[in-house]
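Novice: Just one file: my_file-v6.txt, with compact mmCIF, C-alpha atoms and all ligand atoms.
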```txt
# COMPACT_ATOMS: atom_id res chain seq x y z
CA MET A 237 85.22 100.07 94.89
CA SER A 238 81.68 101.43 95.22
CA ASP A 239 79.52 101.46 98.31
CA GLY A 240 76.46 102.96 96.66
CA GLY A 241 77.35 106.61 97.08
CA THR A 242 77.50 107.07 100.87
CA LEU A 243 79.69 110.12 100.30
CA ALA A 244 77.74 111.61 97.37
CA GLY A 245 78.07 115.39 97.41
CA LYS A 246 81.05 115.32 99.77
CA ILE A 247 84.34 117.05 98.95
CA ALA A 248 87.64 115.50 100.06
CA LEU A 249 91.31 116.45 100.01
CA VAL A 250 93.83 113.61 100.18
CA THR A 251 97.54 114.35 100.72
CA GLY A 252 100.14 112.01 99.27
CA GLY A 253 97.38 110.84 96.95
CA GLY A 254 99.70 110.12 94.03
CA ALA A 255 100.77 106.65 95.16
CA GLY A 256 100.29 103.77 97.56
CA ILE A 257 97.87 104.18 100.44
CA GLY A 258 96.90 107.73 99.41
CA GLN A 259 95.97 106.53 95.94
CA ALA A 260 93.80 103.80 97.49
CA ILE A 261 92.13 106.30 99.84
CA ALA A 262 91.37 108.69 96.96
CA THR A 263 89.97 105.80 94.93
CA ALA A 264 87.80 104.55 97.82
CA LEU A 265 86.39 108.01 98.56
CA ALA A 266 85.64 108.62 94.87
CA GLY A 267 84.06 105.16 94.66
CA ALA A 268 81.70 106.20 97.46
CA GLY A 269 80.66 109.30 95.51
CA ALA A 270 82.97 111.99 96.93
CA ARG A 271 84.71 114.46 94.67
CA VAL A 272 88.38 114.26 95.53
CA ALA A 273 91.27 116.70 95.32
CA VAL A 274 94.21 114.34 94.84
CA SER A 275 97.24 116.21 96.14
CA ASP A 276 100.90 115.28 96.16
CA ILE A 277 104.34 116.88 96.10
CA ASP A 278 104.63 114.98 92.78
CA LEU A 279 102.01 116.71 90.63
CA ASP A 280 102.43 114.25 87.72
CA ALA A 281 101.57 111.36 90.04
CA ALA A 282 98.53 113.21 91.41
CA GLN A 283 97.39 113.96 87.87
CA ARG A 284 97.68 110.30 86.83
CA ILE A 285 95.49 109.21 89.76
CA ALA A 286 92.95 112.05 89.44
CA ALA A 287 92.52 111.32 85.72
CA GLY A 288 91.07 107.90 86.59
CA LEU A 289 88.59 109.14 89.20
CA PRO A 290 85.23 110.75 88.38
CA GLY A 291 85.05 114.42 89.40
CA ALA A 292 88.59 114.45 90.82
CA VAL A 293 91.19 117.19 90.43
CA ALA A 294 94.96 117.09 90.93
CA ILE A 295 96.80 119.60 93.09
CA ARG A 296 100.47 120.08 93.94
CA LEU A 297 100.95 120.19 97.70
CA ASP A 298 104.10 120.00 99.77
CA VAL A 299 102.77 119.33 103.27
CA THR A 300 105.95 120.68 104.88
CA SER A 301 105.11 124.21 103.72
CA ALA A 302 102.39 126.28 105.40
CA GLU A 303 102.09 128.39 102.27
CA SER A 304 101.66 125.32 100.06
CA ALA A 305 99.06 123.91 102.48
CA ARG A 306 97.00 127.12 102.45
CA ALA A 307 97.24 127.39 98.65
CA ALA A 308 96.24 123.75 98.14
CA VAL A 309 93.17 124.02 100.38
CA ALA A 310 92.16 127.22 98.54
CA GLU A 311 92.71 125.55 95.16
CA ALA A 312 90.73 122.45 96.15
CA GLU A 313 87.84 124.53 97.48
CA ALA A 314 87.82 126.80 94.41
CA ALA A 315 87.68 123.76 92.12
CA LEU A 316 85.30 121.51 94.06
CA GLY A 317 83.68 123.44 96.92
CA PRO A 318 84.09 123.54 100.72
CA LEU A 319 86.00 120.60 102.17
CA ASP A 320 84.07 118.00 104.14
CA ILE A 321 86.92 115.50 104.44
CA LEU A 322 90.68 115.86 104.87
CA CYS A 323 92.93 112.80 104.72
CA ASN A 324 96.44 113.66 105.93
CA ASN A 325 98.20 110.69 104.41
CA ALA A 326 101.50 111.99 102.97
CA GLY A 327 104.43 110.38 104.73
CA VAL A 328 108.07 109.45 104.33
CA SER A 329 110.49 107.09 106.03
CA THR A 330 114.17 106.35 106.17
CA MET A 331 115.89 103.53 108.04
CA ARG A 332 118.95 103.97 110.20
CA ARG A 333 120.35 102.97 113.58
CA ILE A 334 120.02 105.79 116.13
CA VAL A 335 123.79 106.15 116.48
CA ASP A 336 124.10 106.78 112.73
CA LEU A 337 120.95 108.86 112.30
CA THR A 338 121.52 112.40 111.02
CA GLU A 339 119.70 115.45 112.27
CA ARG A 340 118.62 116.06 108.70
CA GLU A 341 116.95 112.65 108.52
CA TRP A 342 115.18 113.25 111.83
CA ASP A 343 113.87 116.60 110.53
CA PHE A 344 112.84 115.12 107.16
CA ASN A 345 110.67 112.48 108.86
CA PHE A 346 109.20 114.93 111.37
CA ASP A 347 108.58 117.68 108.80
CA VAL A 348 106.39 115.44 106.64
CA ASN A 349 104.88 112.98 109.12
CA ALA A 350 104.19 115.29 112.06
CA LYS A 351 104.44 118.94 111.02
CA GLY A 352 102.75 118.20 107.69
CA VAL A 353 99.66 116.85 109.46
CA PHE A 354 99.50 120.00 111.59
CA LEU A 355 99.98 122.42 108.68
CA VAL A 356 97.32 120.97 106.38
CA THR A 357 94.91 120.56 109.29
CA GLN A 358 95.49 124.19 110.24
CA ALA A 359 94.79 125.28 106.66
CA ALA A 360 91.55 123.28 106.37
CA ALA A 361 90.13 123.60 109.88
CA PRO A 362 88.91 127.25 109.90
CA GLY A 363 86.47 126.52 107.06
CA MET A 364 85.27 123.35 108.75
CA ILE A 365 84.82 125.23 112.03
CA ALA A 366 82.83 127.97 110.28
CA ARG A 367 80.59 125.33 108.67
CA ARG A 368 80.40 123.28 111.90
CA SER A 369 81.18 120.11 109.97
CA GLY A 370 84.25 118.12 109.07
CA CYS A 371 86.02 114.78 109.11
CA ILE A 372 89.79 114.45 109.32
CA VAL A 373 91.59 111.12 109.00
CA ASN A 374 95.35 110.91 109.44
CA THR A 375 97.51 108.02 108.29
CA ALA A 376 99.66 107.21 111.32
CA SER A 377 101.25 103.76 111.69
CA MET A 378 101.61 100.84 114.06
CA ALA A 379 105.03 102.45 114.50
CA GLY A 380 103.12 105.16 116.37
CA LYS A 381 102.19 102.70 119.11
CA THR A 382 105.16 100.36 119.35
CA ALA A 383 108.96 100.31 119.46
CA VAL A 384 110.54 100.00 116.01
CA PRO A 385 114.29 99.47 115.82
CA LEU A 386 115.95 101.17 112.81
CA LEU A 387 112.90 103.45 112.59
CA ALA A 388 113.09 105.31 115.92
CA HIS A 389 112.82 108.71 114.21
CA TYR A 390 109.91 107.54 112.04
CA ALA A 391 108.21 105.93 115.05
CA ALA A 392 108.60 109.14 117.07
CA SER A 393 107.01 111.14 114.23
CA LYS A 394 104.05 108.73 114.14
CA TRP A 395 103.61 108.83 117.94
CA ALA A 396 103.44 112.61 117.39
CA CYS A 397 100.80 112.12 114.70
CA ILE A 398 98.63 110.08 117.07
CA GLY A 399 99.08 112.63 119.88
CA PHE A 400 98.08 115.43 117.52
CA THR A 401 95.07 113.43 116.31
CA LYS A 402 93.74 112.86 119.82
CA SER A 403 94.35 116.48 120.88
CA ALA A 404 92.68 117.84 117.73
CA ALA A 405 89.69 115.55 118.33
CA VAL A 406 89.16 117.15 121.74
CA GLU A 407 89.74 120.70 120.47
CA PHE A 408 87.54 120.32 117.36
CA GLY A 409 84.81 118.10 118.85
CA PRO A 410 82.67 121.05 119.97
CA HIS A 411 82.77 122.29 116.34
CA ASN A 412 81.34 118.98 115.11
CA ILE A 413 84.62 117.98 113.48
CA ARG A 414 85.82 114.41 114.00
CA VAL A 415 89.54 113.62 113.91
CA ASN A 416 90.81 110.04 113.77
CA CYS A 417 93.78 108.13 112.49
CA VAL A 418 94.53 104.72 111.07
CA CYS A 419 97.62 102.74 112.06
CA PRO A 420 98.66 100.46 109.20
CA GLY A 421 101.16 97.60 109.52
CA TYR A 422 103.29 96.16 106.69
CA VAL A 423 101.67 97.65 103.57
CA ARG A 424 102.86 96.79 100.07
CA THR A 425 103.79 100.18 98.61
CA SER A 426 106.89 101.86 97.21
CA MET A 427 107.70 102.98 100.79
CA GLN A 428 107.76 99.34 101.86
CA GLN A 429 109.95 98.36 98.90
CA ARG A 430 112.49 100.99 99.96
CA GLU A 431 112.34 99.78 103.57
CA LEU A 432 112.82 96.14 102.52
CA ASP A 433 116.01 97.11 100.69
CA TRP A 434 117.35 99.25 103.57
CA GLU A 435 116.50 96.70 106.26
CA ALA A 436 118.01 93.87 104.25
CA GLN A 437 121.24 95.83 103.92
CA LEU A 438 121.34 96.89 107.59
CA ARG A 439 120.63 93.35 108.87
CA GLY A 440 122.58 91.33 106.32
CA MET A 441 119.51 89.64 104.87
CA THR A 442 117.80 89.58 101.47
CA PRO A 443 114.70 91.73 100.85
CA ASP A 444 112.68 88.52 100.39
CA GLU A 445 113.78 87.26 103.81
CA VAL A 446 112.74 90.56 105.40
CA SER A 447 109.40 90.40 103.63
CA GLU A 448 108.83 86.83 104.88
CA GLU A 449 109.59 88.05 108.40
CA TYR A 450 106.93 90.78 108.02
CA ILE A 451 104.42 88.08 107.08
CA ARG A 452 105.46 85.89 110.03
CA LYS A 453 104.92 88.88 112.34
CA THR A 454 101.39 89.34 110.93
CA PRO A 455 98.91 86.93 112.56
CA LEU A 456 96.54 87.11 109.59
CA GLY A 457 99.40 85.78 107.50
CA ARG A 458 99.91 88.12 104.57
CA LEU A 459 101.24 91.54 103.70
CA GLU A 460 98.72 94.35 103.94
CA THR A 461 97.33 96.04 100.81
CA PRO A 462 96.66 99.77 100.41
CA GLY A 463 93.01 98.82 100.00
CA ASP A 464 92.96 97.26 103.50
CA VAL A 465 93.80 100.71 104.88
CA ALA A 466 91.51 102.63 102.53
CA ASN A 467 88.48 100.53 103.57
CA VAL A 468 88.85 101.70 107.17
CA VAL A 469 89.54 105.32 106.18
CA LEU A 470 86.38 105.22 104.06
CA TRP A 471 84.34 103.88 106.99
CA LEU A 472 85.68 106.63 109.25
CA CYS A 473 84.35 109.17 106.73
CA THR A 474 80.83 107.70 106.63
CA PRO A 475 77.84 108.30 108.92
CA GLY A 476 78.45 104.84 110.40
CA ALA A 477 81.40 106.38 112.26
CA GLU A 478 79.60 109.56 113.30
CA PHE A 479 80.35 109.06 117.01
CA VAL A 480 83.97 107.98 116.51
CA THR A 481 86.62 110.60 117.21
CA GLY A 482 90.14 110.58 118.63
CA ALA A 483 90.59 106.93 117.64
CA ALA A 484 93.85 105.42 116.41
CA ILE A 485 92.61 102.29 114.69
CA ASP A 486 95.01 99.40 114.07
CA VAL A 487 94.77 98.10 110.51
CA THR A 488 97.62 95.62 110.73
CA GLY A 489 96.29 92.08 110.42
CA GLY A 490 97.35 91.73 114.05
CA ALA A 491 100.97 92.81 113.55
CA GLY A 492 102.44 94.88 116.39
CA LEU A 493 100.26 93.35 119.12
CA GLU A 494 103.11 91.49 120.82
N1 LIG B 1 103.77 101.27 103.58
C1 LIG B 1 103.66 100.95 104.85
O1 LIG B 1 104.02 99.83 105.25
C2 LIG B 1 103.08 101.94 105.84
C3 LIG B 1 102.80 101.45 107.12
C4 LIG B 1 102.26 102.33 108.06
C5 LIG B 1 102.01 103.63 107.72
N2 LIG B 1 102.31 104.08 106.46
C6 LIG B 1 102.01 105.49 106.18
O2 LIG B 1 101.11 105.56 105.10
C7 LIG B 1 101.26 106.80 104.41
C8 LIG B 1 101.42 106.52 102.93
O3 LIG B 1 102.58 105.72 102.74
P1 LIG B 1 102.81 104.81 101.44
O4 LIG B 1 103.33 103.51 101.93
O5 LIG B 1 101.62 104.87 100.56
O6 LIG B 1 104.05 105.62 100.82
P2 LIG B 1 104.45 105.95 99.30
O7 LIG B 1 105.87 106.38 99.36
O8 LIG B 1 104.08 104.80 98.42
O9 LIG B 1 103.52 107.19 98.96
C9 LIG B 1 103.66 108.40 99.67
C10 LIG B 1 103.19 109.56 98.81
O10 LIG B 1 103.38 110.76 99.58
C11 LIG B 1 103.97 111.73 98.73
N3 LIG B 1 104.74 112.70 99.53
C12 LIG B 1 105.98 112.53 100.09
N4 LIG B 1 106.37 113.68 100.67
C13 LIG B 1 105.38 114.58 100.49
C14 LIG B 1 105.20 115.93 100.86
N5 LIG B 1 106.17 116.62 101.51
N6 LIG B 1 104.04 116.57 100.53
C15 LIG B 1 103.08 115.89 99.86
N7 LIG B 1 103.21 114.62 99.44
C16 LIG B 1 104.34 113.97 99.77
C17 LIG B 1 104.85 110.94 97.78
O11 LIG B 1 105.14 111.70 96.60
C18 LIG B 1 103.99 109.71 97.51
O12 LIG B 1 103.12 109.90 96.43
C19 LIG B 1 102.48 107.47 105.05
O13 LIG B 1 102.05 108.41 105.99
C20 LIG B 1 103.19 106.31 105.73
O14 LIG B 1 104.00 106.75 106.78
C21 LIG B 1 102.82 103.25 105.52
```
Using structure tokens, write down the structure that the file contains.
Specialist:
Amino acid sequence: MSDGGTLAGKIALVTGGGAGIGQAIATALAGAGARVAVSDIDLDAAQRIAAGLPGAVAIRLDVTSAESARAAVAEAEAALGPLDILCNNAGVSTMRRIVDLTEREWDFNFDVNAKGVFLVTQAAAPGMIARRSGCIVNTASMAGKTAVPLLAHYAASKWACIGFTKSAAVEFGPHNIRVNCVCPGYVRTSMQQRELDWEAQLRGMTPDEVSEEYIRKTPLGRLETPGDVANVVLWLCTPGAEFVTGAAIDVTGGAGLE
């Protein structure tokens, strides 16, 4: 994708950039002229994506570690320059009924989806504050606005992500830093494939039947693509969105509205 270089000269860090939605975000930002640090806990995956993007570098980053977050921001800035854009996209899910959910699973979801957003934001924000410029876009979920059976722990972590996004927007606004999030619906990625298998098992259905149900629940009538999400993230990073902050934008094809 190219939009004529709206982000030429901009430097971006994308977490969870080695696959799925993060890969699409990194590709969209690079297509608009940004130089992207593609980061992931899976360095090989980040390297594969970065190799296909002009001016991109790959970085290992585990968002659950404050030390890893600080090191990754330093590495990205040493390689590319001061960060203009941070996309906190890394996320995980598991599926389980609340009565069977383990504390470990709860912590796993919260550590990546909620604490991870905080830690990488905290590592990147001081530089943005000093430069009085920055754009942060978090990948939340429609699960951060609705009730989601079998995903209560994941939903709670995404409600946390949206709450953090809105609070950070207020705290960072006076420093000219915008903070927004996108709330995707049923996106075709490896995370979704895992969820289809789990949900099928838990509900006594086939993965295809679950997938058809996702489509039925989506008024626009198809599964979402990573590119659908990346298009909106890209817009949030452009001057066209310069007065948008604290937003949690549904990118769901209408899923989750009822
Ligand atoms: N797929 C969906 O239907 C859907 C819907 C709504 C929101 N989301 C959110 O979108 C984001 C991306 O999801 P996806 O579907 O592309 O998933 P994915 O599993 O395809 O990709 C996630 C990437 O994050 C990386 N990652 C996992 N833990 C990490 C960690 N601790 N530190 C750094 N990187 C880590 C993985 O290695 C992987 O490359 C997540 O935040 C997810 O919750 C996905």
Novice: Using all atoms listed in the file, which residues have at least one atom no more than 8 Å from ligand LIG 1 (chain B)? Output them as a ChimeraX atom specification.
Specialist: /A:251-259,275-278,281-282,296-301,324-329,347-349,352,374-379,390,394,419-428,460,462
Novice: Find the residues near A:Ala405: any atom within 10 Å, counting all atoms listed in the file, skip ones fewer than 3 places away on the same chain, and give them as a list of chain:residue names.
Specialist: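 Neighbouring residues, sequence-local ones excluded: A:Cys371, A:Ile372, A:Gly399, A:Phe400, A:Thr401, A:Lys402, A:Phe408, A:Gly409, A:Pro410, A:His411, A:Asn412, A:Ile413, A:Arg414, A:Val415, A:Asn416, A:Val480, A:Thr481, A:Gly482, A:Ala483.
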Novice: From the set A:Pro385, A:Pro362, A:Gly463, A:Gly291, which residue has the shortest atom-to-atom contact distance to A:Leu438, counting all atoms listed in the file?
Specialist: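 Among A:Pro385, A:Pro362, A:Gly463, A:Gly291, it is A:Pro385 that comes nearest to A:Leu438.
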Novice: Interatomic distance between atom CA of A:Thr474 and atom CA of A:Cys323?
Specialist: 13.3 Å
Novice: Atom CA of A:Ala404 and atom CA of A:Leu322, how far apart in Å?
Specialist: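 For atom CA of A:Leu322 relative to atom CA of A:Ala404, the distance reads 13.2 Å.
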Novice: So which one's closest to A:Arg333, A:Asp320, A:Glu303, A:Glu435, A:Asp444? Using all atoms listed in the file, please.
Specialist: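 Looking only at the distances to A:Arg333, the closest residue turns out to be A:Glu435.
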Novice: Using only C-alpha atoms, which residue out of A:Val309, A:Ala436, A:Ile365, A:Val468 lies closest to A:Ala260?
Specialist: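 For A:Ala260, the nearest of the candidates is A:Val468.
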Novice: Between atom CA of A:Val465 and atom CA of A:Arg284, what is the distance in Å, rounded to a tenth?
Specialist: 20.8 Å
Novice: Quick one: residues within 8 Å of A:Leu265, all atoms listed in the file, excluding same-chain residues fewer than 6 positions away - as a ChimeraX atom specification?
Specialist: /A:243,248,271-272,470
Novice: Which of these, A:Leu319, A:Ala244, A:Ala484, A:Leu289, has the shortest distance to A:Arg367 once you count only C-alpha atoms?
Specialist: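 Checking each candidate against A:Arg367, we get A:Leu319 as the closest.
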Novice: Would you please work out which residue, of A:Val418, A:Ala305, A:Leu493, A:Ala268, is nearest to A:Pro455 when using all atoms listed in the file?
Specialist: A:Leu493
Novice: Considering all atoms listed in the file, return as a list in words whatever protein or nucleic-acid residues lie within 9 Å of A:Leu387, sequence-local ones (same chain, fewer than 4 positions apart) excluded.
Specialist: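 Result of the neighbour search: Ser329, Thr330, Met331, Arg332, Arg333, Ile334, Ala379, Ala383, Ala391 and Ala392 of chain A.
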Novice: Go ahead and write the selection's residues with C-alpha atoms as an mmCIF file, in the frame of the given file.
Specialist:
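File produced: part-v5.cif:
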```cif
data_model
loop_
_atom_site.group_PDB
_atom_site.id
_atom_site.type_symbol
_atom_site.label_atom_id
_atom_site.label_comp_id
_atom_site.auth_asym_id
_atom_site.auth_seq_id
_atom_site.Cartn_x
_atom_site.Cartn_y
_atom_site.Cartn_z
ATOM 1 C CA SER A 329 110.490 107.090 106.030
ATOM 2 C CA THR A 330 114.170 106.350 106.170
ATOM 3 C CA MET A 331 115.890 103.530 108.040
ATOM 4 C CA ARG A 332 118.950 103.970 110.200
ATOM 5 C CA ARG A 333 120.350 102.970 113.580
ATOM 6 C CA ILE A 334 120.020 105.790 116.130
ATOM 7 C CA ALA A 379 105.030 102.450 114.500
ATOM 8 C CA ALA A 383 108.960 100.310 119.460
ATOM 9 C CA ALA A 391 108.210 105.930 115.050
ATOM 10 C CA ALA A 392 108.600 109.140 117.070
#
```
Novice: Do you know which residues are at most 7 Å from A:Thr454 counting all atoms listed in the file, after dropping those on the same chain fewer than 2 positions away, and could you put them as a ChimeraX atom specification?
Specialist: /A:450-452,456-458,489-491
Novice: Please list as a list in words every residue within 9 Å of A:Gln283, counting all atoms listed in the file and excluding residues in the same chain fewer than 2 positions away.
Specialist: Gly254, Val274, Ser275, Asp278, Leu279, Asp280, Ala281, Ile285, Ala286, Ala287, Gly288, Val293, Ala294 and Ile295 of chain A
Novice: Between A:Lys453, A:Lys246, A:Arg439, A:His389, which is the closest to A:Asp343 once you count all atoms listed in the file?
Specialist: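 With all atoms listed in the file as the atom set, the closest residue is A:His389.
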Novice: Add whatever atoms are absent from stretch 275-299 of chain A to reach N, CA and C atoms, and provide the output as a CSV table (one decimal), in the frame of the given file.
Specialist:
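Result saved to selection-v2.csv:
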```
chain,number,residue,atom,x,y,z
A,275,SER,N,96.1,115.3,96.0
A,275,SER,CA,97.2,116.2,96.1
A,275,SER,C,98.5,115.4,96.4
A,276,ASP,N,99.6,115.9,95.9
A,276,ASP,CA,100.9,115.3,96.2
A,276,ASP,C,102.0,116.3,95.8
A,277,ILE,N,103.2,116.1,96.4
A,277,ILE,CA,104.3,116.9,96.1
A,277,ILE,C,104.7,116.6,94.7
A,278,ASP,N,104.4,115.4,94.2
A,278,ASP,CA,104.6,115.0,92.8
A,278,ASP,C,103.3,115.2,92.0
A,279,LEU,N,103.3,116.4,91.3
A,279,LEU,CA,102.0,116.7,90.6
A,279,LEU,C,101.7,115.7,89.5
A,280,ASP,N,102.7,115.2,88.8
A,280,ASP,CA,102.4,114.2,87.7
A,280,ASP,C,101.7,113.0,88.3
A,281,ALA,N,102.2,112.5,89.4
A,281,ALA,CA,101.6,111.4,90.0
A,281,ALA,C,100.1,111.7,90.4
A,282,ALA,N,99.9,112.8,91.0
A,282,ALA,CA,98.5,113.2,91.4
A,282,ALA,C,97.6,113.3,90.2
A,283,GLN,N,98.2,113.8,89.1
A,283,GLN,CA,97.4,114.0,87.9
A,283,GLN,C,97.0,112.6,87.3
A,284,ARG,N,98.0,111.7,87.4
A,284,ARG,CA,97.7,110.3,86.8
A,284,ARG,C,96.5,109.7,87.6
A,285,ILE,N,96.5,109.8,88.9
A,285,ILE,CA,95.5,109.2,89.8
A,285,ILE,C,94.2,109.9,89.5
A,286,ALA,N,94.2,111.3,89.6
A,286,ALA,CA,93.0,112.0,89.4
A,286,ALA,C,92.3,111.8,88.1
A,287,ALA,N,93.1,111.5,87.1
A,287,ALA,CA,92.5,111.3,85.7
A,287,ALA,C,91.6,110.1,85.7
A,288,GLY,N,91.9,109.1,86.6
A,288,GLY,CA,91.1,107.9,86.6
A,288,GLY,C,89.9,107.9,87.5
A,289,LEU,N,89.7,109.1,88.2
A,289,LEU,CA,88.6,109.1,89.2
A,289,LEU,C,87.5,110.2,88.8
A,290,PRO,N,86.3,109.8,88.8
A,290,PRO,CA,85.2,110.8,88.4
A,290,PRO,C,85.2,112.0,89.3
A,291,GLY,N,85.2,113.2,88.6
A,291,GLY,CA,85.0,114.4,89.4
A,291,GLY,C,86.3,114.8,90.2
A,292,ALA,N,87.4,114.1,90.0
A,292,ALA,CA,88.6,114.4,90.8
A,292,ALA,C,89.4,115.5,90.1
A,293,VAL,N,90.2,116.2,91.0
A,293,VAL,CA,91.2,117.2,90.4
A,293,VAL,C,92.5,116.9,91.1
A,294,ALA,N,93.6,117.3,90.4
A,294,ALA,CA,95.0,117.1,90.9
A,294,ALA,C,95.5,118.4,91.4
A,295,ILE,N,96.2,118.4,92.5
A,295,ILE,CA,96.8,119.6,93.1
A,295,ILE,C,98.2,119.3,93.6
A,296,ARG,N,99.1,120.2,93.4
A,296,ARG,CA,100.5,120.1,93.9
A,296,ARG,C,100.4,120.6,95.4
A,297,LEU,N,100.9,119.8,96.3
A,297,LEU,CA,101.0,120.2,97.7
A,297,LEU,C,102.2,119.6,98.4
A,298,ASP,N,103.0,120.5,98.9
A,298,ASP,CA,104.1,120.0,99.8
A,298,ASP,C,103.7,120.2,101.2
A,299,VAL,N,103.4,119.2,101.9
A,299,VAL,CA,102.8,119.3,103.3
A,299,VAL,C,103.7,120.0,104.3
```
